[in-house]
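Peer 1: Pasting a structure here, questions to come.
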Amino acid sequence: MKITIRQIFTELKKDLSLTLLAGEEGLENQIIESDLHRPGLALAGFVELFTYHRIQVLGNTEIRYLASMALEQKQKCLEKIFEFNVPCFILTHNNKAPERLLELCKENEIPLFVTPLSTTNFMNLISEHLNEVFAPVEILHGSLVDVYGVGLLLKGRSGIGKSEVALDLVERGHRLVADDIVTTKKIKRNILIGSATERTKNMMEFRGVGLINLRCIFGVRAVRYQKRIEVIVELKEWDPKANFDRLGLDEKVTTILDVKIPTIELPIFPGKNITVIAEVIAMNHLVKYYGYDPATQYTKEIKEKYLQKGLVETFTKNELASYLRGDVE
Amino acid sequence: MKEICLKIKNQAGIHARPSALLVNLAAKFDCEVVLSNGHFDVNGKSILGVISLAIPYRGLLYVKANGKDEEKAIESISKLVTVDNFFE
């Protein structure tokens, strides 16, 4: 992944109030990672671990340090830094650029920007943007729908009916994020954000009908630009031999980009209303999210009930035996 | 598994109509067809997937087929792309 200084400049010019002071020719310079660097130590002459390929942020400390030096020494310090292939410099706090720095930036065609923001604030804001640009990406197959605010990713083999379920959900007032191709980005440590690609935004395809534009048909409420992926619903053909979860006690997960996403395997066959089940899955996720896990709570309750002495005595032997074969400790 | 890399000769690249041709062709075979633009893979039997590859004129299309009639699938797809040039 690479990004040019020009791209950053055009996208963030307004938000970060950036002004270009020199080195316009170097706007095509590339950045290959999201980290930033403050070249304080490099200015002081220690360049052994100088991460010169990062954006170099010159804050109050750096500028004050340069100002404290005699002219000749200052020039030497700056020239030392310019021996490296730095992509760009940024001055914070509206600091005035030292004369020699301006000259060197012009000579070496390295962009020099200034911003009125404070160093920490600036670094936070630009990091946010760079982290998003350099976030790990994976392309997934499936349909991503926002159901009651929960991002449901419908998966399954092609032709199983993911798009039909997605359309049905949209019909019922939910919002489609992406059909077929979901661009998935990992942000922070455990958040997956899914979105459509530029070309497939708002579009769906149905065999026999062709391409349709959801936004044209259902309006803006039917679509959503991006959504966190929270639950995966895996549509599976009904197989009498396969074991499907009957209690909801064991949580299955799918790992995408090292993030674990709860996964529900859903058997389908004609006449089954997957849409309603999908809504229930979303609501059940919300219930769990707010701290109540119905399956666990319910099992606990019946266990306690059965264990009450009086109740156990009224059981016939067989009933008790069959119950004990279950999960009473 | 069979693999091939094809150069697109169509001036407009793989736009909607060529995508539809590719998808319909791929769907005829009893094997898994995966298409790629070198950055990401998509299911060759899904039209939105193929469109989102956005392969331009002179771009490269990577075709992978895996299954019963993989050889025939690769052969037909490369014919559509290189010989017939999507009939355009």
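We label chains A, B, ... in the order they appear in the structure tokens, count residues from 1 in each chain, and number ligands from 1 in the order shown.
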Just want the 10 Å neighbourhood of range 51-66 of chain B, counted on only C-alpha atoms, with same-chain residues fewer than 2 positions away dropped. Output as JSON, numbers by chain.
Peer 2: {"A": [180, 181, 196, 197, 198, 199, 200, 201], "B": [1, 2, 3, 4, 5, 6, 7, 8, 9, 10, 11, 12, 13, 14, 15, 16, 17, 18, 19, 20, 23, 26, 29, 30, 31, 32, 33, 34, 35, 36, 37, 38, 39, 40, 41, 42, 43, 44, 46, 47, 48, 49, 68, 69, 70, 71, 72, 73, 74, 77, 78, 81]}
Peer 1: Hey, what does DSSP flag as alpha helix (DSSP H) within range 37-271 of chain A? Can you give it to me as number ranges by chain?
Peer 2: A: 40-43, 60-67, 71-81, 99-108, 119-133, 162-171, 214-218
Peer 1: Might you pull out every residue within 12 Å of range 269-273 of chain A, with only C-alpha atoms counted and same-chain residues fewer than 2 positions away left off, and present them as a PyMOL selection string?
Peer 2: chain A and resi 160-161+164-165+168-169+235-240+266-267+275-280
Peer 1: Can you tell me, as a PyMOL selection string, which residues in chain B count as strand (DSSP E or B) by DSSP?
Peer 2: chain B and resi 2-7+31-36+41-43+60-67
Peer 1: To one decimal place in Å, what is the distance between CA of Glu33 in chain A and CA of Lys14 in chain A?
Peer 2: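 According to the coordinates, CA of Glu33 in chain A and CA of Lys14 in chain A are separated by 22.2 Å.
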Peer 1: If we count only C-alpha atoms and set the cut-off at 9 Å, which residues sit around range 65-75 of chain A, ignoring sequence neighbours fewer than 4 positions away in its own chain? Please answer as a VMD selection string.
Peer 2: chain A and resid 40 43 to 44 60 to 61 79 to 80 98 100 to 101
Peer 1: Rank nothing, just name the residue among A:Phe9, A:Tyr289, A:Phe206, A:Phe218 nearest to chain B, using only C-alpha atoms.
Peer 2: A:Phe206
